[in-house]
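Below is one structure, written out as structure tokens, with a few remarks after it.
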Amino acid sequence: MTNDKVQFTRALKTIARNEQMKSYIQQSNELYPLLLKAAKRFVIGEHRQEAIAAAKELITKGYLISLDYIGENTIDLKECQKEKNEYLHLMEEMSSLSMQQTVSLDLSHIGLSFDAETAHLHLLEIAKAAKLNKMTVMIGMEESSKTDEILTIYKKATSQYDNIGITIQTHLLRSNNDIQNLVHLPGRIRIVKGAYQESSKDAIPRSNELSNRYLHFVEQLIEANHPVSVATHDETLIKEMEQRGYFPHQNLEIEMLYGIRPDLLKALKGKGYNCKIYLPYGKDWYLYLCHRIAEHPENLYRAITEIIVPALTERSKAY
């Protein structure tokens with residue numbers, strides 16, 4: 001990545017966390033609708049019904065689905081309860097679609113930014129509802145400052161429910177040890193490169209070293225016959241994993257974000273591999289949009305195109 005791209009990525013990740021900027025956009029009658037058009041390149045919509053409709057269509061095409069009501073850092077208890085209840089309503093409506101689907105969430109969305117016990121209790125409630133509906137719950141990974149708390153809650157919750165998975169960020173230096181401590185638990189481990197801005201003492205940058213670590217983590221989990229989700233759009237990395245024969249393993253699924261490389265995921269599904277689409281919805285799309293552009297700056301071109309010339313067909317038609 002060039003120095004200009006590095007600086008752009010850092011700047012975007014900084015404003016993504018700026019609550020004043022987020023509030024300004026949400027209250028702007030001019031900026032909000034424009035940026036929402038850009039966000040819809042990567043977010044199915046603001047409402048549950050839009051997500052359910054898209055999920056139904058994609059499931060009929062043979063994809064697995066992971067639905068996420070996006071949001072982070074909820075600090076008010078009533079709001080935490082409201083967000084938790086949205087997940088319960090989501091699963092109730094998802095139950096009519098098909099089995100083996102997933103809901104994804106960040107623990108700070110349902111209570112961690114209020115207190116750890118609230119997040120734990122809300123996670124148990126969601127996991128119980130998911131179990132009744134034959135679904136799984138995937139916990140996202142957040143900034144490294146939250147990693148210990150997230151893993152502690154995850155380990156406690158898996159002692160009661162085996163349908164909960166966890167995300168591990170390859171760029172964090174601690175992640176190899178974390179995988180060793182998690183591999184004996186039943187939940188699926190989702191491997192991502194990592195989207196959060198971290199210090200050099202905690203993480204490594206995008207590089208060949210990072211890609212090699214990613215391959216190493218996936219190989220470890222395959223050898224342990226542990227359920228793993230390969231969450232990446234890196235075509236070079238995907239080709240290497242395919243050449244190594246990773247994808248036919250029954251416990252492995254390939255996951256990509258909605259709206260990013262549908263052509264690639266469609267081709268992989270055509271080869272008979274387990275393919276999943278991460279399908280986010282909700283009004284808290286500002287941070288998500290910033291992360292998608294920061295992660296791959298070329299997504300800025302697509303976002304601007306959506307503002308000027310919105311897609312004539314639904315994004316799900318591309319799959």
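Please note that chains go A, B, ... in the order of the structure tokens, that every chain numbers its residues from 1, and that ligands are numbered from 1 in the order shown.
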Spatial neighbours of stretch 262-264 of chain A, max dist 8 Å, only C-alpha atoms, sep filter under 4 positions, as a ChimeraX atom specification: /A:258,268,318-319
From A:Ser108, A:Asn181, A:Gln49, A:Asn133, residue lying nearest A:Ile70 [only C-alpha atoms]: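 Smallest separation from A:Ile70 among the options: A:Ser108.
The smallest atom-to-atom distance between A:Asn212 and any of A:Val228, A:Leu185, A:Met241, A:Met256, using only C-alpha atoms, is found for A:Met241.
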Stretch 51-268 of chain A: residues DSSP assigns to helix (DSSP H, G or I), reported as a ChimeraX atom specification: /A:51-60,77-94,107-109,116-132,144-158,175-182,208-223,235-243,262-268
Contact residues around stretch 204-207 of chain A with only C-alpha atoms at 6 Å, ignoring same-chain residues under 2 positions, as number ranges by chain: A: 171, 209-210
Contacts of A:Lys156 within 12 Å, only C-alpha atoms, excl. fewer than 5 positions in-chain, as a PyMOL selection string: chain A and resi 116-117+119-121+123-124+149-151+161-162+164+182+185
Of the listed residues A:Gly140, A:Asn251, A:Glu79, A:Glu219, that which approaches A:Arg188 most closely, counting only C-alpha atoms: A:Asn251
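Of the residues under consideration (A:Leu67, A:Leu221, A:Ala55, A:Ile168), A:Leu221 shows the shortest atom-to-atom contact distance to A:Pro186 when counting only C-alpha atoms.
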